[in-house]
Structures are given as structure tokens and as C-alpha cells.
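Trainee: The structure's right below; bear with me while I get my questions together.
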Amino acid sequence: MRAKPIVALDFSSKNEMVQFLQSFEEESLYVKVGMELFYKEGPSLLSYVKDCGHEIFLDLKLHDIPNTVYSAMKVLAQFEVDMVNVHAAGGLEMMRAAIKGLEEGTLAGQKRPKIIAVTQLTSTSEEQMQEEQLIDKPLKDSVLHYAALAQQAGLDGVVCSALEAREIRNRLNESFLRVTPGIRLAGDVADDQKRIVGPREANELGSTHIVVGRSITKAQNPYASYKQVNLEWEMN
Ligand SMILES: O=C(O)c1cc(=O)[nH]c(=O)n1[C@@H]1O[C@H](COP(=O)(O)O)[C@@H](O)[C@H]1O
């Protein structure tokens with residue numbers, strides 16, 4: 001069965017988030033809690049979201065020296081979320097340390113959260129990458145390289161744009177997750193995203209998960225937009 005679209009809860013407070021989730025009382029969602037909400041509200045917010053019956057991707061994008069990431073992951077493991085992430089640019093040793101921390105921190109009888117690595121942010125264009133990161137290659141090569149590194153480290157998958165999903169699936173194994181933000185419904189503005197794709201196209205291109213924020217959260221009718229995303233994502 002196809003994974004539910006992951007709804008990015010990019011709100012500035014718990015109150016705003018609660019208001020948003022009220023329209024989804026009958027649904028069990030897969031949501032993403034990112035830095036803004038987590039830094040504002042802390043871990044208790046995660047318990048609230050779990051008690052509502054939703055799955056959680058805790059998106060804190062760790063990127064630091066291996067020992068710091070190891071220790072931080074040990075703490076994150078105790079929140080019993082479903083997925084966490086790091087930046088692949090932190091390197092092989094850092095990604096291995098992240099898994100070690102996660103495994104050691106996971107409470108007995110609990111499942112270790114999935115762990116994925118951000119390759120090149122979907123807000124990065126090829127020109128930006130080449131000029132600002134001094135990577136003298138096509139963006140796709142950089143994404144594929146990071147994906148291979150993440151797999152070598154033992155991670156469960158990567159965050160990339162749907163535009164790179166098919167090649168990752170072909171080069172690595174089918175079960176390696178391809179979690180793709182930068183999703184927009186037709187007619188929605190790109191905002192700060194550079195590599196954007198529609199839900200149906202993401203499905204055709206081989207995403208295993210899509211992450212959708214503003215196309216749902218800023219819509220006039222977020223519930224209707226969620227249903228539209230779901231419909232398109234589940235086509236084919
Ligand atoms: O790790 C992420 O979730 C992430 C990685 C990435 O490359 N691009 C990206 O947009 N995201 C997140 O996905 C969400 C996308 O939001 P929208 O652009 O509003 O749909 C945001 O919460 C971002 O933090």
C-alpha cells in the first residue's frame with residue numbers, strides 16, 4: 001500500500017497546529033514536525049500529536065560532528081517518532097553515528113525510527129549548488145552520490161526531489177526510501193522551492209513518500225487540498 005502523503009506542520013505555535021488538525025479529526029495522518037514547532041513547543045508536542053493518532057516524521061535535519069549527532073539521536077529515539085533525518089553532507093561517519101545513537105536510544109520493545117538523509121535541499125537549484133557549494137557536477141550526480149553514501153552508512157532512505165527518485169530507485173534498491181518534498185498542486189506558487197513536482201508526477205517518478213506543506217496548510221480549504229493531494233498521489 002502506498003504511504004500517506006506527509007503533511008508538513010509548519011506552524012508557529014501549538015494553537016495554530018491544533019486549529020489546523022481539527023479539520024482532520026476523522027483522519028489518521030502522517031505529519032512532519034519541523035524545527036519551528038519543535039523549538040517553540042518542545043517534546044510534549046510530539047506526545048500530543050501521537051495521542052491524536054498521527055504518525056510523526058521529526059524533521060530536525062541533524063548535521064554536526066559524529067559524537068554530537070550520536071548523542072542527540074539517543075535523545076530523539078526516546079520520543080518514539082516514526083522517522084528522523086540528518087544531512088548526508090555530514091558524511092559517512094556522522095550517518096553511522098546517527099544510527100548507533102538511534103539504536104542505543106530506542107527503548108526496549110519499541111521499533112527504531114526510520115532514518116533518512118537530506119541530499120540536496122529541494123530549495124537548491126543546480127546553479128546555486130555549483131556556485132555556492134563549489135560542486136562542479138550536475139545536481140543529479142550530487143544527489144545520487146549522497147544517496148549511495150546514505151545507503152552505505154545503513155540508513156533507510158533519503159530526502160530528495162521527485163525529479164531524482166527514479167534514478168535512485170534504479171541504482172539502489174527498491175526498498176530504499178525516496179521521501180520527496182517540493183510538491184505543489186497545479187496553480188500553486190513555488191515559493192522558495194526550486195525543484196517542484198505535482199503529487200501524481202511524483203508517484204510516476206518513483207517517490208515512496210511525498211511531503212506537502214503550503215499546498216495544504218495555506219490553502220483556503222486545507223482538508224479539500226489534502227484530499228486532492230491524496231487523490232493525485234494514489235492515481236495510476
Ligand atoms: O527534510 C525535509 O523535510 C525537507 C527537505 C528538503 O529538501 N526540502 C523541503 O522542503 N523539506 C521540508 O519539506 C517541507 C516543504 O514545505 P512546502 O514547501 O510548504 O510544501 C518543509 O517543511 C521543509 O522543511
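Ligands are numbered from 1 in the order shown, residues from 1 within each chain, and chains are lettered A, B, ... in the order they appear in the C-alpha cells.
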Taking only C-alpha atoms and all ligand atoms into account, produce a table as a tab-separated table in which each residue of chain A with an atom at most 10 Å from an atom of ligand 1 appears once, together with its shortest atom pair and the distance in Å to one decimal, ordered by chain and rising number.

Mentor:
residue	atom	partner	partner_atom_place_in_ligand_line	distance
A:Ile6	CA	ligand 1	13 (O)	9.1
A:Val7	CA	ligand 1	20 (O)	8.2
A:Ala8	CA	ligand 1	22 (O)	5.1
A:Leu9	CA	ligand 1	22 (O)	7.1
A:Asp10	CA	ligand 1	22 (O)	5.9
A:Phe11	CA	ligand 1	22 (O)	9.6
A:Lys32	CA	ligand 1	22 (O)	7.2
A:Val33	CA	ligand 1	22 (O)	7.8
A:Gly34	CA	ligand 1	22 (O)	6.1
A:Met35	CA	ligand 1	24 (O)	8.0
A:Glu36	CA	ligand 1	22 (O)	9.2
A:Phe57	CA	ligand 1	3 (O)	8.5
A:Leu58	CA	ligand 1	3 (O)	8.8
A:Asp59	CA	ligand 1	1 (O)	5.8
A:Leu60	CA	ligand 1	1 (O)	7.8
A:Lys61	CA	ligand 1	1 (O)	6.5
A:Val84	CA	ligand 1	1 (O)	9.1
A:Asn85	CA	ligand 1	1 (O)	7.0
A:Val86	CA	ligand 1	1 (O)	8.4
A:His87	CA	ligand 1	1 (O)	8.7
A:Ile116	CA	ligand 1	1 (O)	8.9
A:Ala117	CA	ligand 1	1 (O)	8.1
A:Val118	CA	ligand 1	1 (O)	6.0
A:Thr119	CA	ligand 1	7 (O)	7.2
A:Gln120	CA	ligand 1	7 (O)	6.1
A:Leu121	CA	ligand 1	7 (O)	3.2
A:Thr122	CA	ligand 1	7 (O)	4.0
A:Ser123	CA	ligand 1	8 (N)	6.1
A:Thr124	CA	ligand 1	7 (O)	8.0
A:Val158	CA	ligand 1	1 (O)	9.0
A:Val159	CA	ligand 1	5 (C)	5.9
A:Cys160	CA	ligand 1	7 (O)	5.8
A:Ser161	CA	ligand 1	7 (O)	6.9
A:Val179	CA	ligand 1	3 (O)	8.1
A:Thr180	CA	ligand 1	6 (C)	7.4
A:Pro181	CA	ligand 1	13 (O)	4.8
A:Gly182	CA	ligand 1	18 (O)	5.3
A:Ile183	CA	ligand 1	20 (O)	5.7
A:Arg184	CA	ligand 1	20 (O)	6.8
A:Leu185	CA	ligand 1	20 (O)	9.8
A:Val189	CA	ligand 1	18 (O)	9.5
A:Ala190	CA	ligand 1	18 (O)	7.4
A:Asp191	CA	ligand 1	18 (O)	7.1
A:Asp192	CA	ligand 1	18 (O)	7.2
A:Gln193	CA	ligand 1	18 (O)	6.1
A:Lys194	CA	ligand 1	8 (N)	9.4
A:Arg195	CA	ligand 1	8 (N)	9.1
A:Ile196	CA	ligand 1	18 (O)	8.8
A:Ile210	CA	ligand 1	13 (O)	9.0
A:Val211	CA	ligand 1	13 (O)	5.7
A:Val212	CA	ligand 1	20 (O)	4.2
A:Gly213	CA	ligand 1	20 (O)	3.4
A:Arg214	CA	ligand 1	19 (O)	3.7
A:Ser215	CA	ligand 1	20 (O)	6.1
A:Ile216	CA	ligand 1	20 (O)	7.9
A:Thr217	CA	ligand 1	19 (O)	7.7
A:Lys218	CA	ligand 1	19 (O)	8.4

Trainee: So that I can check the secondary structure, give me every residue of segment 82-228 of chain A assigned strand (DSSP E or B) by backbone DSSP, as JSON, numbers by chain.

Mentor: {"A": [83, 84, 85, 86, 87, 114, 115, 116, 117, 118, 157, 158, 159, 177, 178, 179, 180, 183, 197, 209, 210, 211, 212]}

Trainee: What would the file look like if the residues just selected were written as a compact mmCIF listing (two decimals), in the first residue's frame with N, CA and C atoms?

Mentor:
# COMPACT_ATOMS: atom_id res chain seq x y z
N MET A 83 9.99 8.62 12.13
CA MET A 83 11.10 8.89 11.20
C MET A 83 11.86 10.14 11.67
N VAL A 84 13.19 10.11 11.48
CA VAL A 84 14.04 11.28 11.77
C VAL A 84 14.99 11.47 10.58
N ASN A 85 15.73 12.59 10.60
CA ASN A 85 16.64 12.81 9.47
C ASN A 85 17.94 13.52 9.86
N VAL A 86 18.90 13.41 8.95
CA VAL A 86 20.20 14.09 9.08
C VAL A 86 20.53 14.66 7.69
N HIS A 87 21.60 15.47 7.63
CA HIS A 87 22.11 15.91 6.32
C HIS A 87 23.20 14.95 5.88
N LYS A 114 12.69 5.14 11.53
CA LYS A 114 13.41 5.17 10.25
C LYS A 114 14.32 6.39 10.27
N ILE A 115 15.45 6.27 9.58
CA ILE A 115 16.35 7.42 9.49
C ILE A 115 16.75 7.65 8.04
N ILE A 116 16.56 8.89 7.59
CA ILE A 116 16.84 9.23 6.20
C ILE A 116 17.77 10.45 6.15
N ALA A 117 18.42 10.62 5.00
CA ALA A 117 19.38 11.72 4.87
C ALA A 117 18.95 12.69 3.78
N VAL A 118 19.03 13.97 4.10
CA VAL A 118 18.77 15.01 3.10
C VAL A 118 19.96 15.04 2.13
N GLY A 157 16.88 5.54 3.85
CA GLY A 157 16.50 6.23 2.62
C GLY A 157 17.01 7.65 2.61
N VAL A 158 16.49 8.42 1.66
CA VAL A 158 16.92 9.82 1.51
C VAL A 158 15.74 10.76 1.31
N VAL A 159 16.04 12.05 1.54
CA VAL A 159 15.14 13.12 1.12
C VAL A 159 15.77 13.71 -0.14
N LEU A 177 14.13 4.26 0.85
CA LEU A 177 13.06 5.27 0.78
C LEU A 177 13.48 6.52 0.01
N ARG A 178 12.52 7.04 -0.76
CA ARG A 178 12.72 8.27 -1.52
C ARG A 178 11.63 9.25 -1.11
N VAL A 179 11.95 10.03 -0.08
CA VAL A 179 10.98 10.95 0.53
C VAL A 179 11.15 12.31 -0.15
N THR A 180 10.08 12.76 -0.81
CA THR A 180 10.24 13.92 -1.68
C THR A 180 9.34 15.10 -1.31
N ILE A 183 6.58 19.55 -3.30
CA ILE A 183 5.36 19.12 -4.00
C ILE A 183 4.38 20.30 -4.07
N VAL A 197 7.36 19.40 -8.15
CA VAL A 197 6.69 18.34 -8.89
C VAL A 197 5.27 18.20 -8.31
N HIS A 209 7.47 8.43 -0.70
CA HIS A 209 6.69 9.33 0.15
C HIS A 209 6.73 10.74 -0.45
N ILE A 210 5.65 11.49 -0.28
CA ILE A 210 5.71 12.92 -0.61
C ILE A 210 5.48 13.72 0.67
N VAL A 211 6.15 14.88 0.74
CA VAL A 211 5.98 15.79 1.88
C VAL A 211 5.31 17.05 1.33
N VAL A 212 4.18 17.40 1.90
CA VAL A 212 3.43 18.55 1.39
C VAL A 212 3.11 19.52 2.53

Trainee: Near segment 96-112 of chain A, within 7 Å and counting only C-alpha atoms, which residues show up once chain neighbours fewer than 4 positions away are dropped, as a list in words?

Mentor: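 The residues that qualify are Pro66, Asn67, Val69, Tyr70, Ser71, Met73, Lys74, Val75, Ala77, Gln78, Leu92 and Ala153 of chain A.
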
Trainee: Could you save the residues just selected, with C-alpha atoms, as a PDB file, in the first residue's frame?

Mentor:
ATOM      1  CA  PRO A  66      29.653  12.383  14.717  1.00  0.00           C
ATOM      2  CA  ASN A  67      29.771  12.375  18.518  1.00  0.00           C
ATOM      3  CA  VAL A  69      24.860  13.607  16.359  1.00  0.00           C
ATOM      4  CA  TYR A  70      25.228  10.241  18.134  1.00  0.00           C
ATOM      5  CA  SER A  71      24.286  11.786  21.491  1.00  0.00           C
ATOM      6  CA  MET A  73      19.960  10.810  18.259  1.00  0.00           C
ATOM      7  CA  LYS A  74      19.990   8.852  21.524  1.00  0.00           C
ATOM      8  CA  VAL A  75      17.691  11.521  22.933  1.00  0.00           C
ATOM      9  CA  ALA A  77      14.983   7.956  19.899  1.00  0.00           C
ATOM     10  CA  GLN A  78      13.148   8.277  23.200  1.00  0.00           C
ATOM     11  CA  LEU A  92      29.546   8.569   6.353  1.00  0.00           C
ATOM     12  CA  ALA A 153      26.010   4.018   6.085  1.00  0.00           C
TER      13      ALA A 153
END

Trainee: So the first atom is atom CA of Arg169 of chain A and the second is atom CA of Gln151 of chain A; what is the distance between them in Å, to one decimal place?

Mentor: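 If I compute the distance from atom CA of Arg169 of chain A to atom CA of Gln151 of chain A, I get 11.8 Å.
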
Trainee: Check the DSSP output for the backbone and give back, as a PyMOL selection string, the residues of segment 93-174 of chain A in helix (DSSP H, G or I).

Mentor: chain A and resi 93-105+126-132+139-153+162-171

Trainee: Using only C-alpha atoms, which of A:Gln19, A:Gln152, A:Thr68, A:Ser13 sits nearest Gly42 of chain A?

Mentor: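 For Gly42 of chain A, the nearest of the candidates is A:Ser13.
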
Trainee: Record the distance separating atom CA of Glu201 of chain A and atom CA of Asn170 of chain A, expressed in Å with one decimal.

Mentor: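 Going from atom CA of Glu201 of chain A over to atom CA of Asn170 of chain A covers 17.0 Å.
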
Trainee: Looking at A:Met1, A:Ala219, A:Ala224, A:Ile56, which one is nearest to Asp188 of chain A, with distances taken over only C-alpha atoms?

Mentor: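 Smallest separation from Asp188 of chain A among the options: A:Ala219.
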
Trainee: Applying 12 Å and only C-alpha atoms, which residues near Ser44 of chain A remain after dropping the ones on its own chain fewer than 5 positions away? List them as a PyMOL selection string.

Mentor: chain A and resi 14+37-39+49-51+79-80

Trainee: Please write the residues from the selection above to a file, keeping N, CA and C atoms, as a JSON list (two decimals), in the first residue's frame.

Mentor:
[["chain", "number", "residue", "atom", "x", "y", "z"],
["A", 14, "LYS", "N", 1.59, 25.69, 18.93],
["A", 14, "LYS", "CA", 0.72, 24.52, 19.10],
["A", 14, "LYS", "C", -0.73, 24.90, 18.80],
["A", 37, "LEU", "N", 8.17, 24.41, 15.02],
["A", 37, "LEU", "CA", 7.22, 23.96, 16.04],
["A", 37, "LEU", "C", 7.93, 23.25, 17.18],
["A", 38, "PHE", "N", 8.94, 22.46, 16.85],
["A", 38, "PHE", "CA", 9.63, 21.69, 17.89],
["A", 38, "PHE", "C", 10.42, 22.63, 18.81],
["A", 39, "TYR", "N", 11.09, 23.61, 18.22],
["A", 39, "TYR", "CA", 11.87, 24.54, 19.06],
["A", 39, "TYR", "C", 10.94, 25.37, 19.94],
["A", 49, "VAL", "N", 0.54, 15.01, 19.43],
["A", 49, "VAL", "CA", 0.24, 14.59, 18.05],
["A", 49, "VAL", "C", 0.05, 13.08, 17.99],
["A", 50, "LYS", "N", 0.87, 12.36, 18.75],
["A", 50, "LYS", "CA", 0.72, 10.89, 18.76],
["A", 50, "LYS", "C", -0.61, 10.48, 19.36],
["A", 51, "ASP", "N", -1.01, 11.18, 20.44],
["A", 51, "ASP", "CA", -2.29, 10.86, 21.08],
["A", 51, "ASP", "C", -3.47, 11.13, 20.14],
["A", 79, "PHE", "N", 11.70, 9.75, 21.93],
["A", 79, "PHE", "CA", 10.40, 10.39, 21.63],
["A", 79, "PHE", "C", 9.47, 9.45, 20.88],
["A", 80, "GLU", "N", 10.01, 8.30, 20.47],
["A", 80, "GLU", "CA", 9.18, 7.27, 19.81],
["A", 80, "GLU", "C", 8.44, 7.80, 18.58]]
